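A.B. asks: Quick one: this structure, given as structure tokens, is what I'll be asking you about.
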Amino acid sequence: MPKTDYSFTQNRELSWLKFNLRVLEEAEDDSVPLLEQLKYISIFTSNLDEFYMVRCGSLYDLSLIDEDYVDNKTGWDAQEQLDAIYERTTYLYKRRDDVYESVSSKLREKGIFELDFEDMTKGEVKYFKDYFLNYIFPVLSPQIIDVQHPFPHLYNKSRYVMLILESKGETLFGLINVPRSLPSIIYSPEDKMRYILTEKIVHQYADKVFSNYQVLFKTILSVTRNADITLSNDQIDEDEDYRGAMTKILKKRTRLAPIRLEFYRNSHKKLTKFLRKQLNLKENQVQVSHTPLDMAYVYKLYDHIEKVDELKFHTITFNPYYPRTPQIIEPGEILPQLRERDILLSYPYDSFDPFLKFLKEAANDEYVVSVQIAIYRLAQSSSVIKYLREARENGKDVTVLIELRARFDEERNIHYASMLEEAGCRVQYGFEMYKVHSKICLVTRKEGRDIHYFTQLGTGNYNEKTARLYTDMSFLTSRNDIGEDAMLYFKNMSISNINGEYDRLLVAPFKFKSRLIKMMEEQIEEAEKGRPASIIMKMNSLTDREIIDMLSKASNAGVKIKLIIRGICCIIPGLPGKTENIEVTSIVGRFLEHHRIYCFGTGDDAKIYLSSGDLMTRNTEKRVEIAFPVDDPGLKEEIRNMMRVMLNDNVKARKINTEGDYERITREGEKIDAQRCLMQRDYSVSPLLN
């Protein structure tokens, strides 16, 4: 076996941390409204929380069970990767604290004040003390930790106030859980723009909870636990269904191994030593944050502050934006229009409503006989579920392939699966070894002896809420070749055949990566013949080693490669003899970039595929994904125009340099913010596509 070349690749975890720093940098951008800056700090924090729960959790498990495992981008084992993550995290905490203090200071100048007790008026101190005694103290469950009272279980990401106590010369610990039933922030009665975190109130008056002890030290803390749960067939009892087993295993998430300990503002050597021993944590797994440990309150604060528009909207990019229905869609029913033309929706610039209208029509059309759909994530109150149930009530056969293992959406999907079954829909689940991540919906309509297929394929979820926040594409067609492949897809899924044969669709885990590699090889052949050769791809993340090596090969052959990768990028571009013909940019802006677009070739002959799957090993080898072709010349040109705008972005985009780090793009001429251009449907930028 040839030796792996690590000279042009970087570790996926450290690459992700670099991406999350890009998110934090948006909070430093003065062109972003102040409350939006605060949101970016919250997003950075929740991103990091999930990263620790999932990625660090997985690496922790690997460090225990697989001594032979090494990362195929660096050659590091699991513990080496964890140590690198922990070291980098210390810097990120300091950077976040600085940004948070800066944004908080600017908000205070505008009258929006996160309070400490030393900031309060006498009236506020009295109000919050009374609030504690009347509303918080009655629901607290304090605990003593000593020989008679063993160390309790600390729940994942719960906030605690912990104290070092003394009584009769004996030192012991006290613990107060901050109940999730309490509001996260409390507003001042004197000024609704002044507020305090609830855990700060508990911290202030913790002495009163342990009034029979002397308090030597107190702090606020949180423990992050491994949340990377899996479910295999041998965990399911023979008398238990899959949904019931999944419900049971979810309860284990809060009890898995600790992976991080966070203190808010203050730590103590004795307390830290005690907790590290109890939680089995190393010194580098402990962090002190001067930013609140849970930033989810920011969204409630944002909604609470209604009248300060300049803090939310002060640029074109951050003005209120309302998605539009494309002009190509005429008033009236959608299904007849699909007989005439394909329709491409580009979220969030286009509205999600045409797809819902498509589904509602199918539910009520007397000639529609069946609706089939694959679901990964849905909105909390989903119109998709409403119309699927409506279709079943109207006598249609409704088949829903729903993936219960959509991380952190498992409970919601279990709930919807139960609702659909109660309505009489046929509900199927993903496979033991493969998550179903495809985005596909097939409507079958029968008129006499004729059968017509109407197919929707997408790059993102059937979620009305995130369709206003994520950039995605939704393709609707009545093309028979696509419809027949969609019909075969659902038949194959129903019999657990993940290796089916399709004419137009590229379906992972067996036919997605191999077909993409074949199209890369075609471009290599073009370059070797001295012809223009191009690969332009947009995705969330790139980690698949085989794809990375093929891109390096294409670069060495002279193929011009442009990649737009929002998040993890394990390839290092611009290295002579390795990746010198590869450019990588990342766009982080108001909307979460979520398209997966794969373009091969130049001019009118270029092949364009949209996909539900990134070029990560989990997508190419461990999930059921679909990539689908766009053949209509007008729609292909629209996609090329969008890609051209994104490749010209020099405001929100950053390029990856030869060190694997992000740097600003310096290009003479006008400033181009791709998301703003696409909101305005402005494609008038200099061409960067062949």
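Letters A, B, ... go to the chains of the structure tokens in the order shown; residues in each chain start at 1; ligands are counted from 1 in the same order.
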Excluding A:Arg377 and its own-chain neighbours fewer than 6 positions away, which residues fall within 8 Å of it when counting only C-alpha atoms? Please give them as a VMD selection string.
C.D. replies: chain A and resid 406 409 413 461 to 463
A.B. asks: Fewer than 4 positions away in the same chain doesn't count, so skip those; otherwise give me all residues within 8 Å of stretch 150-154 of chain A, counting only C-alpha atoms, as a PyMOL selection string.
C.D. replies: chain A and resi 145-146+158+223+255+278
A.B. asks: Would you list the contacts of A:Thr90 as a list of chain:residue names, taking every protein, DNA or RNA residue within 10 Å and counting only C-alpha atoms, but skipping same-chain residues closer than 6 positions in sequence?
C.D. replies: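 The residues that qualify are A:Asn284, A:Gln285, A:Val286, A:Gln287, A:Val288, A:Ser289.
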A.B. asks: Write the residues of the selection above to a file with N, CA and C atoms, as a PDB file, in the first residue's frame.
C.D. replies:
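The result, stored in part24.pdb:
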```pdb
ATOM      1  N   ASN A 284      -6.297  19.925  30.271  1.00  0.00           N
ATOM      2  CA  ASN A 284      -6.592  20.674  29.049  1.00  0.00           C
ATOM      3  C   ASN A 284      -8.047  20.559  28.613  1.00  0.00           C
ATOM      4  N   GLN A 285      -8.873  19.847  29.374  1.00  0.00           N
ATOM      5  CA  GLN A 285     -10.304  19.764  29.079  1.00  0.00           C
ATOM      6  C   GLN A 285     -11.113  20.747  29.934  1.00  0.00           C
ATOM      7  N   VAL A 286     -10.426  21.606  30.658  1.00  0.00           N
ATOM      8  CA  VAL A 286     -11.072  22.596  31.524  1.00  0.00           C
ATOM      9  C   VAL A 286     -10.847  23.981  30.935  1.00  0.00           C
ATOM     10  N   GLN A 287     -11.917  24.758  30.805  1.00  0.00           N
ATOM     11  CA  GLN A 287     -11.838  26.105  30.244  1.00  0.00           C
ATOM     12  C   GLN A 287     -12.548  27.095  31.161  1.00  0.00           C
ATOM     13  N   VAL A 288     -12.021  28.311  31.222  1.00  0.00           N
ATOM     14  CA  VAL A 288     -12.672  29.400  31.936  1.00  0.00           C
ATOM     15  C   VAL A 288     -13.167  30.409  30.911  1.00  0.00           C
ATOM     16  N   SER A 289     -14.464  30.715  30.964  1.00  0.00           N
ATOM     17  CA  SER A 289     -15.079  31.615  29.995  1.00  0.00           C
ATOM     18  C   SER A 289     -15.597  32.861  30.685  1.00  0.00           C
TER      19      SER A 289
END
```
A.B. asks: Using only C-alpha atoms, find the one residue out of A:Leu14, A:Pro292, A:Thr444, A:Val427 that sits nearest to A:Asp365.
C.D. replies: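 The closest residue to A:Asp365 is A:Thr444.
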A.B. asks: Name the closest residue to A:Arg426 among the candidates A:Ser534, A:Thr4, A:Ser383, A:Thr399; distances are taken between atoms, counting only C-alpha atoms.
C.D. replies: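 Closest to A:Arg426 of all the choices is A:Thr399.
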A.B. asks: Show which residues sit within 9 Å of stretch 418-420 of chain A, as a list in words. Count only C-alpha atoms, and ignore same-chain residues fewer than 4 positions away.
C.D. replies: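 Here the answer would be Arg243, Ile385, Leu388, Arg389, Val400, Asn413, Ile414, Gly424, Cys425, Arg426 and Val427 of chain A.
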A.B. asks: Save out the residues we just selected, C-alpha atoms, as a CSV table (one decimal), in the first residue's frame.
C.D. replies:
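To be explicit, this is the file written out as selection02.csv:
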```csv
chain,number,residue,atom,x,y,z
A,243,ARG,CA,-39.0,3.9,17.1
A,385,ILE,CA,-46.6,16.8,7.7
A,388,LEU,CA,-48.9,14.4,3.9
A,389,ARG,CA,-51.7,13.6,6.4
A,400,VAL,CA,-42.6,8.4,4.2
A,413,ASN,CA,-38.7,12.9,14.0
A,414,ILE,CA,-40.0,10.2,16.4
A,424,GLY,CA,-52.4,5.7,8.0
A,425,CYS,CA,-49.2,6.6,6.1
A,426,ARG,CA,-46.6,3.9,5.4
A,427,VAL,CA,-43.5,4.9,7.5
```
A.B. asks: Hey, what's within 12 Å of A:Gly634 if we count only C-alpha atoms and toss same-chain stuff fewer than 3 positions away? As a ChimeraX atom specification, please?
C.D. replies: /A:328,341-344,604,630-631,637-641
A.B. asks: Restricting the output to C-alpha atoms, write the selected residues as a PDB file, in the first residue's frame.
C.D. replies:
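out.pdb, written as the output of this step:
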```pdb
ATOM      1  CA  ILE A 328     -41.288  31.755 -13.960  1.00  0.00           C
ATOM      2  CA  ARG A 341     -41.031  23.500 -17.777  1.00  0.00           C
ATOM      3  CA  ASP A 342     -38.703  22.550 -14.946  1.00  0.00           C
ATOM      4  CA  ILE A 343     -38.693  24.886 -11.937  1.00  0.00           C
ATOM      5  CA  LEU A 344     -35.688  25.709  -9.786  1.00  0.00           C
ATOM      6  CA  ASP A 604     -22.834  24.790 -22.736  1.00  0.00           C
ATOM      7  CA  VAL A 630     -29.862  19.893 -14.241  1.00  0.00           C
ATOM      8  CA  ASP A 631     -30.215  19.712 -18.041  1.00  0.00           C
ATOM      9  CA  GLU A 637     -27.185  29.333 -16.873  1.00  0.00           C
ATOM     10  CA  GLU A 638     -28.961  30.522 -13.714  1.00  0.00           C
ATOM     11  CA  ILE A 639     -26.784  28.220 -11.601  1.00  0.00           C
ATOM     12  CA  ARG A 640     -23.646  29.370 -13.405  1.00  0.00           C
ATOM     13  CA  ASN A 641     -24.635  32.995 -12.777  1.00  0.00           C
TER      14      ASN A 641
END
```
A.B. asks: For stretch 447-554 of chain A versus stretch 647-661 of chain A, which residues have an atom no more than 12 Å away, and what is each residue's nearest atom pair and distance in Å rounded to one decimal, using only C-alpha atoms, chain-then-number order, as JSON lines?
C.D. replies:
```
{"residue": "A:Ile536", "atom": "CA", "partner": "A:Leu647", "partner_atom": "CA", "distance": 9.8}
{"residue": "A:Met537", "atom": "CA", "partner": "A:Leu647", "partner_atom": "CA", "distance": 10.7}
{"residue": "A:Lys538", "atom": "CA", "partner": "A:Leu647", "partner_atom": "CA", "distance": 10.1}
```
A.B. asks: Write down as an MDAnalysis selection string the residues belonging to stretch 354-589 of chain A that are assigned strand (DSSP E) by DSSP computed on the backbone.
C.D. replies: chainID A and resid 368:375 397:402 426:428 435:436 440:447 450:458 470:477 506:507 534:539 560:565 582:587
A.B. asks: Quick one: residues within 9 Å of A:Asp97, only C-alpha atoms, excluding same-chain residues fewer than 5 positions away - as a list in words?
C.D. replies: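 Using only C-alpha atoms, the neighbours found are Leu92, Ser102, Ser289, His290 and Thr291 of chain A.
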A.B. asks: Rounded to one decimal place, report the atom CA of A:Pro348-atom CA of A:Asp472 distance in Å.
C.D. replies: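 The value is 7.2 Å.
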A.B. asks: Taking the DSSP assignment computed from this structure's backbone, write out as a ChimeraX atom specification all residues of stretch 73-121 of chain A that belong to alpha helix (DSSP H).
C.D. replies: /A:78-109
A.B. asks: Counting only C-alpha atoms, which residue out of A:Met487, A:Ile582, A:Ala606, A:Met433 sits closest to A:Lys622?
C.D. replies: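 Nearest to A:Lys622: A:Met433.
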A.B. asks: For A:Asn480, which of A:Thr455, A:Gln523, A:Ser555, A:Asn499 is the closest residue, counting only C-alpha atoms?
C.D. replies: A:Thr455
A.B. asks: For A:Ala423, which of A:Lys396, A:Lys200, A:Ser167, A:Arg445 is the closest residue, counting only C-alpha atoms?
C.D. replies: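 Comparing A:Lys396, A:Lys200, A:Ser167, A:Arg445 against A:Ala423, the winner is A:Lys396.
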A.B. asks: Would you please work out which residue, of A:Ile201, A:Ile587, A:Met473, A:Met550, is nearest to A:Ile186 when using only C-alpha atoms?
C.D. replies: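 With only C-alpha atoms as the atom set, the closest residue is A:Ile201.
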